[in-house]
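A.B. asks: Contents are compact mmCIF, C-alpha atoms; file name run-v4.txt:
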# COMPACT_ATOMS: atom_id res chain seq x y z
CA MET K 29 19.84 -15.08 4.97
CA LYS K 30 16.50 -15.91 3.40
CA GLU K 31 16.27 -15.43 -0.35
CA LYS K 32 14.03 -12.51 -1.30
CA LYS K 33 11.13 -13.06 -3.70
CA TYR K 34 10.80 -9.83 -5.66
CA PRO K 35 7.66 -9.18 -7.68
CA PRO K 36 8.06 -8.15 -11.33
CA VAL K 37 8.10 -4.53 -12.42
CA LEU K 38 4.66 -3.37 -13.58
CA GLU K 39 3.60 -0.27 -15.49
CA THR K 40 0.58 1.97 -15.76
CA GLU K 41 -0.01 5.01 -17.90
CA ARG K 42 1.83 7.33 -15.49
CA LEU K 43 3.73 5.02 -13.15
CA ILE K 44 6.41 2.38 -12.97
CA LEU K 45 5.69 -0.01 -10.10
CA ARG K 46 8.86 -1.65 -8.85
CA PRO K 47 10.21 -3.39 -5.76
CA ILE K 48 11.44 -1.14 -2.96
CA THR K 49 15.13 -1.21 -2.01
CA MET K 50 17.37 0.31 0.65
CA ASP K 51 18.28 2.96 -1.92
CA ASP K 52 14.72 4.31 -1.53
CA LYS K 53 15.03 5.36 2.12
CA THR K 54 15.35 9.09 1.43
CA ALA K 55 12.33 9.12 -0.88
CA ILE K 56 10.28 7.07 1.61
CA TYR K 57 11.26 9.51 4.34
CA LYS K 58 9.68 12.34 2.31
CA TRP K 59 6.20 10.91 2.84
CA ALA K 60 6.71 8.86 6.02
CA SER K 61 7.96 11.93 7.91
CA ASP K 62 5.02 14.07 6.80
CA PRO K 63 2.38 14.05 9.58
CA ARG K 64 -0.36 14.62 6.98
CA VAL K 65 0.58 11.29 5.36
CA SER K 66 1.47 9.26 8.45
CA LYS K 67 -1.47 10.46 10.54
CA PHE K 68 -3.64 7.43 9.74
CA MET K 69 -0.88 4.95 8.90
CA ILE K 70 0.02 2.11 11.27
CA TYR K 71 3.61 3.36 11.56
CA SER K 72 4.69 6.39 13.59
CA ASN K 73 6.04 9.49 11.89
CA TYR K 74 9.60 8.81 10.66
CA ASN K 75 12.37 10.92 12.20
CA SER K 76 15.12 9.93 9.74
CA PRO K 77 15.52 7.95 6.52
CA SER K 78 16.97 5.03 8.50
CA ASP K 79 13.57 4.57 10.17
CA ALA K 80 12.61 2.79 6.93
CA ASP K 81 15.30 0.09 7.42
CA PRO K 82 13.27 -2.41 9.50
CA TRP K 83 10.33 -2.24 7.08
CA ILE K 84 12.46 -2.59 3.94
CA GLU K 85 14.38 -5.51 5.48
CA THR K 86 11.13 -7.47 5.97
CA LEU K 87 9.88 -6.96 2.41
CA TYR K 88 9.77 -9.79 -0.13
CA ASP K 89 10.22 -12.71 2.22
CA ASN K 90 7.07 -14.22 0.71
CA GLU K 91 6.17 -14.65 -2.96
CA ARG K 92 2.63 -13.46 -2.22
CA GLU K 93 3.86 -10.13 -0.89
CA LEU K 94 3.38 -7.66 -3.70
CA ASP K 95 4.75 -4.41 -2.28
CA TYR K 96 5.69 -1.80 -4.84
CA GLY K 97 7.29 1.60 -5.00
CA PHE K 98 5.30 4.03 -7.15
CA VAL K 99 7.69 5.82 -9.52
CA LEU K 100 6.37 8.74 -11.54
CA LYS K 101 7.35 8.12 -15.17
CA GLU K 102 7.52 11.85 -15.89
CA THR K 103 10.23 12.55 -13.28
CA GLY K 104 11.61 9.17 -12.17
CA GLU K 105 10.78 10.04 -8.55
CA LEU K 106 9.57 7.48 -6.03
CA ILE K 107 6.38 9.11 -4.73
CA GLY K 108 4.64 6.38 -2.75
CA SER K 109 4.24 2.71 -2.11
CA GLY K 110 1.59 0.08 -1.79
CA GLY K 111 0.49 -3.37 -2.64
CA VAL K 112 -1.33 -6.50 -1.60
CA ILE K 113 -0.23 -9.26 0.71
CA PHE K 114 -1.93 -12.65 0.93
CA LYS K 115 -3.24 -13.35 4.43
CA GLU K 116 -3.48 -17.12 4.50
CA GLU K 117 -5.30 -17.22 7.86
CA TYR K 118 -8.15 -15.15 6.35
CA ASP K 119 -7.88 -16.42 2.76
CA HIS K 120 -7.79 -12.91 1.34
CA TRP K 121 -5.37 -10.32 0.00
CA SER K 122 -4.87 -7.22 2.13
CA LEU K 123 -4.41 -3.89 0.31
CA GLY K 124 -2.42 -0.94 1.64
CA TYR K 125 -0.88 2.21 0.20
CA ASN K 126 0.57 5.64 0.93
CA ILE K 127 1.79 8.49 -1.21
CA ARG K 128 3.48 11.86 -0.84
CA TYR K 129 1.09 14.64 0.14
CA ASP K 130 1.80 16.71 -2.98
CA MET K 131 0.61 13.75 -5.09
CA TRP K 132 -2.76 13.38 -3.35
CA GLY K 133 -5.90 13.83 -5.43
CA LYS K 134 -4.35 12.93 -8.80
CA GLY K 135 -5.70 9.37 -9.07
CA LEU K 136 -2.21 7.86 -8.84
CA VAL K 137 -2.97 5.53 -5.93
CA THR K 138 -6.06 4.19 -7.69
CA GLU K 139 -4.05 3.71 -10.88
CA ALA K 140 -1.24 1.87 -9.07
CA CYS K 141 -3.50 -0.30 -6.93
CA ARG K 142 -5.69 -1.28 -9.86
CA ARG K 143 -2.62 -2.59 -11.72
CA ILE K 144 -1.30 -4.42 -8.65
CA ILE K 145 -4.68 -6.05 -8.01
CA ASP K 146 -4.92 -7.05 -11.67
CA TYR K 147 -1.50 -8.68 -11.41
CA ALA K 148 -2.48 -10.56 -8.21
CA ARG K 149 -5.58 -11.81 -9.99
CA GLU K 150 -3.61 -12.86 -13.11
CA LYS K 151 -0.72 -14.54 -11.29
CA TYR K 152 -2.36 -15.90 -8.11
CA HIS K 153 -6.06 -15.94 -9.03
CA ALA K 154 -6.78 -13.57 -6.11
CA LYS K 155 -10.46 -13.88 -5.26
CA LYS K 156 -10.89 -11.40 -2.41
CA ILE K 157 -9.19 -8.06 -1.69
CA VAL K 158 -9.70 -6.35 1.68
CA ALA K 159 -8.68 -2.88 2.86
CA VAL K 160 -9.33 -0.73 5.92
CA PHE K 161 -9.41 3.05 6.24
CA ALA K 162 -9.88 5.42 9.19
CA VAL K 163 -13.31 7.07 9.13
CA ASP K 164 -11.54 10.41 9.56
CA ASN K 165 -9.68 9.73 6.30
CA PRO K 166 -12.57 9.45 3.79
CA LYS K 167 -10.31 10.14 0.77
CA SER K 168 -8.76 6.72 1.32
CA GLY K 169 -12.24 5.22 1.27
CA ARG K 170 -12.90 6.90 -2.07
CA VAL K 171 -9.79 5.21 -3.49
CA MET K 172 -11.26 1.87 -2.42
CA GLU K 173 -14.61 2.70 -3.99
CA ARG K 174 -12.93 3.67 -7.27
CA LEU K 175 -11.25 0.25 -7.18
CA GLY K 176 -14.71 -1.34 -7.05
CA MET K 177 -14.54 -2.23 -3.37
CA TYR K 178 -17.60 -1.94 -1.17
CA PHE K 179 -18.31 -1.45 2.54
CA HIS K 180 -18.16 -4.68 4.53
CA LYS K 181 -18.19 -3.62 8.19
CA ASP K 182 -17.12 -1.10 10.79
CA CYS K 183 -13.92 -1.92 12.64
CA GLU K 184 -10.87 -0.29 14.19
CA TYR K 185 -7.10 -0.51 13.92
CA SER K 186 -4.16 0.81 15.92
CA LYS K 187 -0.72 2.18 15.20
CA LEU K 188 2.00 -0.45 15.62
CA ASP K 189 3.31 1.31 18.74
CA GLY K 190 -0.19 1.40 20.27
CA SER K 191 -0.17 5.19 20.49
CA GLU K 192 -3.48 5.64 18.72
CA THR K 193 -6.54 3.63 17.69
CA PHE K 194 -8.80 4.65 14.82
CA MET K 195 -12.44 3.92 14.13
CA ALA K 196 -12.39 2.43 10.65
CA LYS K 197 -14.34 0.89 7.81
CA LYS K 198 -13.43 -2.36 6.13
CA TYR K 199 -13.99 -2.53 2.39
CA GLU K 200 -13.64 -5.55 0.15
CA ILE K 201 -14.17 -6.87 -3.33
CA VAL K 202 -14.80 -10.49 -4.24
CA TYR K 203 -14.13 -11.69 -7.78
What's the structure tokens form of this structure?
C.D. replies:
Amino acid sequence: MKEKKYPPVLETERLILRPITMDDKTAIYKWASDPRVSKFMIYSNYNSPSDADPWIETLYDNERELDYGFVLKETGELIGSGGVIFKEEYDHWSLGYNIRYDMWGKGLVTEACRRIIDYAREKYHAKKIVAVFAVDNPKSGRVMERLGMYFHKDCEYSKLDGSETFMAKKYEIVY
């Protein structure tokens, strides 16, 4: 079995950002089974906590894979996840995130992603961060704008199972 390369725990004002483990399946299921959250994600709606197993098993195989669980300091609950992964073939870091529906609109994703990006810049001298959002999900685009990202081009992406394709916008920031 390949040795996992876990990123360090990070903190923000309201969050603890920590590696995701198999113990998190039930919490992940809370947002990954919510069609409001999974609607624009690349994965299909989860039907059980064990649907998270294949994803969790693939995490942390690469040192430049900074995926984090977002834990609310106030309650200790895992409320979302996200991070950046270095895409060597494109020479950029790809940003992604999701969060429980009841946590939307509180600035938590922006707070978490800002800290993760700062860490990638400190540790790996990340020069370019790229993210994509569905045009029908403009709130995700606003997160990217608050992170200082700007529109790069129109594009599209599909769910992993090919069930749906979304018109999208690609945002990026170059440092």
A.B. asks: Do a neighbour search on range 50-54 of chain K at 7 Å with only C-alpha atoms, toss out local chain neighbours closer than 3 positions, and write the hits as a list of chain:residue names.
C.D. replies: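 Selected residues are K:Tyr57, K:Lys58, K:Pro77, K:Ser78, K:Ala80, K:Ile84.
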A.B. asks: Got time to write the residues from that selection, C-alpha atoms, as a compact mmCIF listing (two decimals), in the frame of the given file?
C.D. replies:
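Output contents, as saved in again.txt:
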# COMPACT_ATOMS: atom_id res chain seq x y z
CA TYR K 57 11.26 9.51 4.34
CA LYS K 58 9.68 12.34 2.31
CA PRO K 77 15.52 7.95 6.52
CA SER K 78 16.97 5.03 8.50
CA ALA K 80 12.61 2.79 6.93
CA ILE K 84 12.46 -2.59 3.94
A.B. asks: Which residue is closest to Glu85 in chain K? Choose from K:Ile70, K:Lys32, K:Glu39, K:Thr103 and count only C-alpha atoms.
C.D. replies: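 Closest residue, counting only C-alpha atoms: K:Lys32.
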A.B. asks: Could you check which of K:Trp132, K:Ile107, K:Cys183, K:Ser61 is closest to Ser168 in chain K, using all atoms listed in the file?
C.D. replies: K:Trp132
A.B. asks: Provide the CA of Tyr34 in chain K to CA of Tyr88 in chain K distance in Å, to one decimal place.
C.D. replies: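 Calculated distance between CA of Tyr34 in chain K and CA of Tyr88 in chain K is 5.6 Å.
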A.B. asks: Here is a test: counting all atoms listed in the file, which residue of K:Glu200, K:Asp81, K:Glu139, K:Glu117 is nearest to Val158 in chain K?
C.D. replies: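 When distances to Val158 in chain K are compared using all atoms listed in the file, the smallest one comes from K:Glu200.
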A.B. asks: Just checking: using only C-alpha atoms, which residue out of K:Asn90, K:Leu45, K:Met69, K:Glu102 ends up closest to Gly190 in chain K?
C.D. replies: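 For Gly190 in chain K, the nearest of the candidates is K:Met69.
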A.B. asks: So how many Å separate CA of Ile56 in chain K and CA of Leu188 in chain K, to one decimal?
C.D. replies: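 Taking CA of Ile56 in chain K as the start and CA of Leu188 in chain K as the end point, the length is 17.9 Å.
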A.B. asks: Could you please determine the separation between CA of Pro47 in chain K and CA of Glu31 in chain K in Å, to one decimal place?
C.D. replies: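 We find that CA of Pro47 in chain K and CA of Glu31 in chain K lie 14.5 Å from each other.
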A.B. asks: Can you put all heavy atoms back into range 160-171 of chain K and show it as a compact mmCIF listing (two decimals), keeping the file's coordinate frame?
C.D. replies:
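Wrote it out as rebuild.txt, contents follow:
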# COMPACT_ATOMS: atom_id res chain seq x y z
N VAL K 160 -8.74 -1.45 4.79
CA VAL K 160 -9.33 -0.73 5.92
C VAL K 160 -8.87 0.72 5.86
O VAL K 160 -7.72 0.99 5.54
CB VAL K 160 -8.88 -1.38 7.25
CG1 VAL K 160 -9.34 -0.57 8.44
CG2 VAL K 160 -9.37 -2.81 7.34
N PHE K 161 -9.79 1.65 6.16
CA PHE K 161 -9.41 3.05 6.24
C PHE K 161 -10.05 3.69 7.46
O PHE K 161 -11.14 3.30 7.88
CB PHE K 161 -9.77 3.83 4.96
CG PHE K 161 -11.24 4.07 4.77
CD1 PHE K 161 -11.83 5.25 5.20
CD2 PHE K 161 -12.04 3.11 4.15
CE1 PHE K 161 -13.19 5.47 5.02
CE2 PHE K 161 -13.39 3.33 3.96
CZ PHE K 161 -13.97 4.51 4.40
N ALA K 162 -9.36 4.67 8.04
CA ALA K 162 -9.88 5.42 9.19
C ALA K 162 -11.06 6.26 8.73
O ALA K 162 -10.99 6.91 7.67
CB ALA K 162 -8.79 6.29 9.79
N VAL K 163 -12.13 6.29 9.52
CA VAL K 163 -13.31 7.07 9.13
C VAL K 163 -12.98 8.55 8.99
O VAL K 163 -13.64 9.25 8.23
CB VAL K 163 -14.50 6.86 10.09
CG1 VAL K 163 -15.00 5.43 10.05
CG2 VAL K 163 -14.16 7.26 11.51
N ASP K 164 -11.95 9.01 9.68
CA ASP K 164 -11.54 10.41 9.56
C ASP K 164 -10.64 10.65 8.34
O ASP K 164 -10.13 11.76 8.16
CB ASP K 164 -10.81 10.86 10.83
CG ASP K 164 -11.76 10.95 12.02
OD1 ASP K 164 -12.97 11.18 11.81
OD2 ASP K 164 -11.28 10.78 13.16
N ASN K 165 -10.48 9.64 7.52
CA ASN K 165 -9.68 9.73 6.30
C ASN K 165 -10.53 9.25 5.11
O ASN K 165 -10.19 8.27 4.44
CB ASN K 165 -8.40 8.90 6.44
CG ASN K 165 -7.46 9.08 5.28
OD1 ASN K 165 -7.55 10.02 4.51
ND2 ASN K 165 -6.54 8.14 5.15
N PRO K 166 -11.64 9.94 4.83
CA PRO K 166 -12.57 9.45 3.79
C PRO K 166 -11.98 9.41 2.39
O PRO K 166 -12.46 8.65 1.55
CB PRO K 166 -13.75 10.43 3.88
CG PRO K 166 -13.18 11.67 4.48
CD PRO K 166 -12.10 11.20 5.42
N LYS K 167 -10.93 10.18 2.11
CA LYS K 167 -10.31 10.14 0.77
C LYS K 167 -9.76 8.75 0.48
O LYS K 167 -9.80 8.28 -0.65
CB LYS K 167 -9.22 11.19 0.63
CG LYS K 167 -9.76 12.60 0.57
CD LYS K 167 -8.65 13.61 0.42
CE LYS K 167 -9.24 15.01 0.35
NZ LYS K 167 -8.22 16.03 0.17
N SER K 168 -9.25 8.08 1.51
CA SER K 168 -8.76 6.72 1.32
C SER K 168 -9.92 5.78 0.98
O SER K 168 -9.78 4.89 0.15
CB SER K 168 -8.03 6.25 2.58
OG SER K 168 -7.32 5.07 2.32
N GLY K 169 -11.05 6.01 1.60
CA GLY K 169 -12.24 5.22 1.27
C GLY K 169 -12.68 5.43 -0.16
O GLY K 169 -13.12 4.49 -0.83
N ARG K 170 -12.53 6.63 -0.67
CA ARG K 170 -12.90 6.90 -2.07
C ARG K 170 -11.98 6.15 -3.03
O ARG K 170 -12.42 5.71 -4.09
CB ARG K 170 -12.94 8.40 -2.34
CG ARG K 170 -14.20 9.04 -1.74
CD ARG K 170 -14.49 10.41 -2.29
NE ARG K 170 -13.59 11.44 -1.82
CZ ARG K 170 -13.63 12.01 -0.62
NH1 ARG K 170 -14.52 11.64 0.25
NH2 ARG K 170 -12.77 12.96 -0.31
N VAL K 171 -10.71 6.02 -2.67
CA VAL K 171 -9.79 5.21 -3.49
C VAL K 171 -10.35 3.79 -3.58
O VAL K 171 -10.44 3.21 -4.66
CB VAL K 171 -8.36 5.20 -2.91
CG1 VAL K 171 -7.51 4.12 -3.59
CG2 VAL K 171 -7.71 6.56 -3.05
